[in-house]
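Participant: Sharing final-v8.txt, compact mmCIF, C-alpha atoms:
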```
# COMPACT_ATOMS: atom_id res chain seq x y z
CA MET A 1 -0.83 185.03 153.51
CA SER A 2 -3.03 181.97 153.26
CA GLN A 3 -5.72 184.00 151.45
CA LYS A 4 -3.25 184.87 148.69
CA LEU A 5 -2.22 181.23 148.41
CA THR A 6 -5.81 180.00 148.00
CA ASN A 7 -6.53 182.73 145.47
CA ARG A 8 -3.46 181.73 143.54
CA ILE A 9 -4.51 178.02 143.59
CA HIS A 10 -8.03 178.85 142.49
CA SER A 11 -6.76 181.02 139.70
CA ARG A 12 -4.38 178.26 138.56
CA LEU A 13 -7.21 175.75 138.53
CA ALA A 14 -9.42 178.16 136.66
CA THR A 15 -6.79 178.88 134.03
CA PHE A 16 -5.99 175.17 133.67
CA ALA A 17 -9.67 174.34 133.24
CA ALA A 18 -10.09 177.17 130.77
CA LYS A 19 -7.15 175.87 128.72
CA THR A 20 -8.31 172.25 128.88
CA PHE A 21 -12.02 172.55 128.15
CA THR A 22 -12.11 174.61 124.97
CA LYS A 23 -14.89 174.52 122.40
CA GLN A 24 -12.55 172.87 119.89
CA ARG A 25 -11.65 170.06 122.29
CA MET A 26 -15.27 169.48 123.26
CA THR A 27 -16.18 169.30 119.56
CA ASN A 28 -13.42 166.74 118.97
CA VAL A 29 -14.59 164.65 121.94
CA ALA A 30 -18.16 164.71 120.63
CA ARG A 31 -17.01 163.68 117.14
CA THR A 32 -14.96 160.83 118.59
CA THR A 33 -17.40 159.44 121.13
CA GLY A 34 -20.61 160.10 119.20
CA PRO A 35 -20.27 157.16 116.76
CA LEU A 36 -19.09 154.92 119.59
CA LEU A 37 -22.13 155.73 121.72
CA LEU A 38 -24.41 155.22 118.71
CA ALA A 39 -22.83 151.80 118.00
CA LEU A 40 -23.19 150.79 121.64
CA ALA A 41 -26.85 151.83 121.59
CA ILE A 42 -27.61 149.83 118.41
CA SER A 43 -25.55 146.70 119.23
CA PRO A 44 -28.23 144.96 121.37
CA ILE A 45 -30.70 145.33 118.53
CA ALA A 46 -28.20 143.99 115.98
CA ALA A 47 -27.33 141.04 118.23
CA HIS A 48 -30.90 139.73 118.01
CA ALA A 49 -30.94 140.03 114.22
CA GLN A 50 -28.07 137.62 113.54
CA GLY A 51 -28.59 134.79 111.09
CA THR A 52 -27.38 131.22 110.96
CA VAL A 53 -23.89 130.17 109.93
CA ASP A 54 -23.40 127.71 107.08
CA LEU A 55 -20.99 124.99 108.24
CA THR A 56 -20.87 122.83 105.12
CA GLY A 57 -17.32 123.93 104.30
CA VAL A 58 -16.11 123.08 107.80
CA THR A 59 -16.76 119.37 107.28
CA THR A 60 -14.80 119.38 104.04
CA ALA A 61 -11.95 121.29 105.65
CA MET A 62 -12.00 118.94 108.64
CA SER A 63 -11.72 115.87 106.43
CA THR A 64 -8.78 117.50 104.65
CA VAL A 65 -7.10 118.22 107.98
CA GLU A 66 -7.74 114.64 109.09
CA LYS A 67 -6.15 113.17 105.97
CA THR A 68 -3.18 115.52 106.26
CA CYS A 69 -2.65 114.57 109.90
CA LEU A 70 -2.83 110.88 109.13
CA LEU A 71 -0.32 111.26 106.30
CA GLY A 72 2.01 113.32 108.50
CA ALA A 73 1.75 110.80 111.32
CA SER A 74 2.56 107.88 109.05
CA ILE A 75 5.56 109.72 107.58
CA ALA A 76 6.82 110.56 111.10
CA VAL A 77 6.53 106.93 112.19
CA VAL A 78 8.34 105.66 109.09
CA ILE A 79 11.14 108.21 109.47
CA GLY A 80 11.52 107.36 113.18
CA ILE A 81 11.72 103.64 112.45
CA VAL A 82 14.20 104.07 109.59
CA VAL A 83 16.46 106.32 111.67
CA GLY A 84 16.17 103.86 114.56
CA VAL A 85 17.18 100.95 112.33
CA PHE A 86 20.23 102.86 111.12
CA GLN A 87 21.13 103.62 114.73
CA PHE A 88 20.82 99.92 115.59
CA MET A 89 23.03 99.04 112.62
CA GLY A 90 25.59 101.55 113.83
CA ARG A 91 25.59 99.76 117.22
CA ASN A 92 24.05 102.74 119.00
CA ILE A 93 21.23 100.88 120.76
CA SER A 94 20.04 103.68 123.03
CA ALA A 95 19.78 106.19 120.16
CA GLY A 96 17.89 103.57 118.12
CA PHE A 97 15.29 103.11 120.84
CA ILE A 98 15.00 106.87 121.26
CA SER A 99 14.50 107.34 117.50
CA ILE A 100 11.80 104.68 117.31
CA ALA A 101 10.07 106.00 120.43
CA GLY A 102 10.25 109.54 119.07
CA GLY A 103 8.75 108.44 115.76
CA LEU A 104 5.92 106.60 117.50
CA PHE A 105 5.28 109.55 119.84
CA ALA A 106 5.22 111.95 116.89
CA GLY A 107 2.79 109.61 115.11
CA ILE A 108 0.50 109.53 118.12
CA VAL A 109 0.56 113.30 118.58
CA ILE A 110 0.03 114.07 114.91
CA GLY A 111 -2.47 111.22 114.51
CA PHE A 112 -4.67 112.50 117.31
CA ALA A 113 -4.56 116.08 116.01
CA PRO A 114 -7.89 115.67 114.13
CA GLN A 115 -9.66 114.95 117.41
CA TRP A 116 -8.20 118.09 118.93
CA VAL A 117 -9.23 120.10 115.90
CA GLY A 118 -12.61 118.36 116.00
CA SER A 119 -13.14 119.39 119.58
CA LEU A 120 -12.33 122.99 118.66
CA THR A 121 -14.55 123.10 115.58
CA GLY A 122 -17.43 121.15 117.12
CA GLN A 123 -17.37 118.23 114.69
CA SER A 124 -19.41 115.16 115.52
CA LEU A 125 -18.15 112.60 118.01
CA SER A 126 -18.70 109.73 115.57
CA MET A 127 -15.96 111.08 113.31
CA VAL A 128 -13.60 111.31 116.29
CA VAL A 129 -14.38 107.74 117.37
CA THR A 130 -13.93 106.47 113.80
CA HIS A 131 -10.55 108.17 113.60
CA ALA A 132 -9.49 106.82 117.00
CA THR A 133 -10.27 103.28 115.89
CA LYS A 134 -8.23 103.84 112.71
CA VAL A 135 -5.27 105.10 114.72
CA MET A 136 -5.43 102.34 117.32
CA ALA A 137 -5.83 99.51 114.78
```
Translate this structure into structure tokens?
Facilitator:
Amino acid sequence: MSQKLTNRIHSRLATFAAKTFTKQRMTNVARTTGPLLLALAISPIAAHAQGTVDLTGVTTAMSTVEKTCLLGASIAVVIGIVVGVFQFMGRNISAGFISIAGGLFAGIVIGFAPQWVGSLTGQSLSMVVTHATKVMA
């Protein structure tokens, strides 16, 4: 009885393997993995042949981002102060303080955004220090 069972299992495995590994499937696998293996073989050679990156446009873009952040920060501070003044005039003191504090906090967050962008893009530290002195003054 056990001999028949093992023969049946072997024959099932053999038929499954015969159905799975056909010439058509092996050709498809070779067509799919062939270019991938070729790219993996060439990639170390191509990695040594890389050139330099021109970063002249990054400085211009960074100065544009800096000016935009400064403008946004100043607008946020002005809006926070104006809303706070209207809250004070409406005798809502706590909402007035919250509005002014929110405007100042938004100005600080937006004003320091160029330093965060500068740290991500690798801009010079002198530009970050110059901006920090502008914000603090």
Participant: Could you tell me how far CA of Gly102 (chain A) sits from CA of Phe86 (chain A), in Å to one decimal place?
Facilitator: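 According to the coordinates, CA of Phe86 (chain A) and CA of Gly102 (chain A) are separated by 14.4 Å.
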Participant: Considering all atoms listed in the file, return as a ChimeraX atom specification whatever protein or nucleic-acid residues lie within 8 Å of Val83 (chain A), sequence-local ones (same chain, fewer than 6 positions apart) excluded.
Facilitator: /A:96,99-100
Participant: For the residues in that selection, give me C-alpha atoms as a PDB file, in the frame of the given file.
Facilitator:
```pdb
ATOM      1  CA  GLY A  96      17.890 103.570 118.120  1.00  0.00           C
ATOM      2  CA  SER A  99      14.500 107.340 117.500  1.00  0.00           C
ATOM      3  CA  ILE A 100      11.800 104.680 117.310  1.00  0.00           C
TER       4      ILE A 100
END
```
Participant: What separation in Å, quoted to one decimal, exists between CA of Thr27 (chain A) and CA of Ile45 (chain A)?
Facilitator: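 So the two atoms, CA of Thr27 (chain A) and CA of Ile45 (chain A), lie 28.0 Å apart.
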Participant: Can you work out the spacing between CA of Lys19 (chain A) and CA of Gly34 (chain A) in Å, to one decimal?
Facilitator: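 Spanning CA of Lys19 (chain A) to CA of Gly34 (chain A) is a straight-line distance of 22.8 Å.
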Participant: Set the distance at 9 Å and use all atoms listed in the file: which residues neighbour Phe105 (chain A) once local chain neighbours fewer than 5 positions away are removed? I'd like the list as a ChimeraX atom specification.
Facilitator: /A:76-77,100,110
Participant: Please supply region 63-86 of chain A, rebuilt with N, CA, C and O atoms, as a compact mmCIF listing (two decimals), in the frame of the given file.
Facilitator:
```txt
# COMPACT_ATOMS: atom_id res chain seq x y z
N SER A 63 -12.18 117.12 107.03
CA SER A 63 -11.72 115.87 106.43
C SER A 63 -10.35 116.05 105.79
O SER A 63 -9.51 115.14 105.82
N THR A 64 -10.10 117.22 105.21
CA THR A 64 -8.78 117.50 104.65
C THR A 64 -7.72 117.54 105.74
O THR A 64 -6.62 116.99 105.58
N VAL A 65 -8.04 118.17 106.86
CA VAL A 65 -7.10 118.22 107.98
C VAL A 65 -6.85 116.81 108.52
O VAL A 65 -5.71 116.45 108.85
N GLU A 66 -7.89 116.01 108.59
CA GLU A 66 -7.74 114.64 109.09
C GLU A 66 -6.81 113.83 108.20
O GLU A 66 -5.91 113.13 108.69
N LYS A 67 -7.01 113.92 106.90
CA LYS A 67 -6.15 113.17 105.97
C LYS A 67 -4.71 113.67 106.03
O LYS A 67 -3.77 112.88 105.98
N THR A 68 -4.52 114.97 106.15
CA THR A 68 -3.18 115.52 106.26
C THR A 68 -2.49 115.06 107.53
O THR A 68 -1.31 114.72 107.52
N CYS A 69 -3.23 115.02 108.63
CA CYS A 69 -2.65 114.57 109.90
C CYS A 69 -2.29 113.10 109.85
O CYS A 69 -1.24 112.69 110.35
N LEU A 70 -3.14 112.31 109.25
CA LEU A 70 -2.83 110.88 109.13
C LEU A 70 -1.60 110.65 108.27
O LEU A 70 -0.74 109.82 108.58
N LEU A 71 -1.49 111.39 107.17
CA LEU A 71 -0.32 111.26 106.30
C LEU A 71 0.94 111.72 107.04
O LEU A 71 1.98 111.05 106.98
N GLY A 72 0.86 112.84 107.74
CA GLY A 72 2.01 113.32 108.50
C GLY A 72 2.43 112.36 109.59
O GLY A 72 3.62 112.15 109.83
N ALA A 73 1.45 111.76 110.26
CA ALA A 73 1.75 110.80 111.32
C ALA A 73 2.43 109.57 110.76
O ALA A 73 3.40 109.07 111.33
N SER A 74 1.94 109.07 109.62
CA SER A 74 2.56 107.88 109.05
C SER A 74 3.98 108.17 108.58
O SER A 74 4.88 107.35 108.75
N ILE A 75 4.21 109.35 108.01
CA ILE A 75 5.56 109.72 107.58
C ILE A 75 6.49 109.84 108.79
O ILE A 75 7.63 109.38 108.76
N ALA A 76 5.99 110.42 109.89
CA ALA A 76 6.82 110.56 111.10
C ALA A 76 7.18 109.20 111.68
O ALA A 76 8.32 108.99 112.11
N VAL A 77 6.25 108.27 111.67
CA VAL A 77 6.53 106.93 112.19
C VAL A 77 7.57 106.24 111.32
O VAL A 77 8.52 105.63 111.83
N VAL A 78 7.40 106.32 110.00
CA VAL A 78 8.34 105.66 109.09
C VAL A 78 9.74 106.26 109.24
O VAL A 78 10.73 105.53 109.32
N ILE A 79 9.83 107.58 109.32
CA ILE A 79 11.14 108.21 109.47
C ILE A 79 11.77 107.81 110.81
O ILE A 79 12.97 107.50 110.87
N GLY A 80 10.98 107.77 111.88
CA GLY A 80 11.52 107.36 113.18
C GLY A 80 12.02 105.94 113.17
O GLY A 80 13.09 105.64 113.72
N ILE A 81 11.30 105.04 112.50
CA ILE A 81 11.72 103.64 112.45
C ILE A 81 12.98 103.49 111.60
O ILE A 81 13.91 102.76 111.96
N VAL A 82 13.02 104.17 110.46
CA VAL A 82 14.20 104.07 109.59
C VAL A 82 15.44 104.61 110.29
O VAL A 82 16.51 103.99 110.28
N VAL A 83 15.32 105.76 110.95
CA VAL A 83 16.46 106.32 111.67
C VAL A 83 16.86 105.39 112.81
O VAL A 83 18.05 105.17 113.07
N GLY A 84 15.88 104.80 113.49
CA GLY A 84 16.17 103.86 114.56
C GLY A 84 16.90 102.63 114.07
O GLY A 84 17.84 102.14 114.72
N VAL A 85 16.50 102.13 112.90
CA VAL A 85 17.18 100.95 112.33
C VAL A 85 18.63 101.29 111.99
O VAL A 85 19.54 100.50 112.26
N PHE A 86 18.85 102.47 111.42
CA PHE A 86 20.23 102.86 111.12
C PHE A 86 21.05 103.03 112.40
O PHE A 86 22.25 102.73 112.42
```
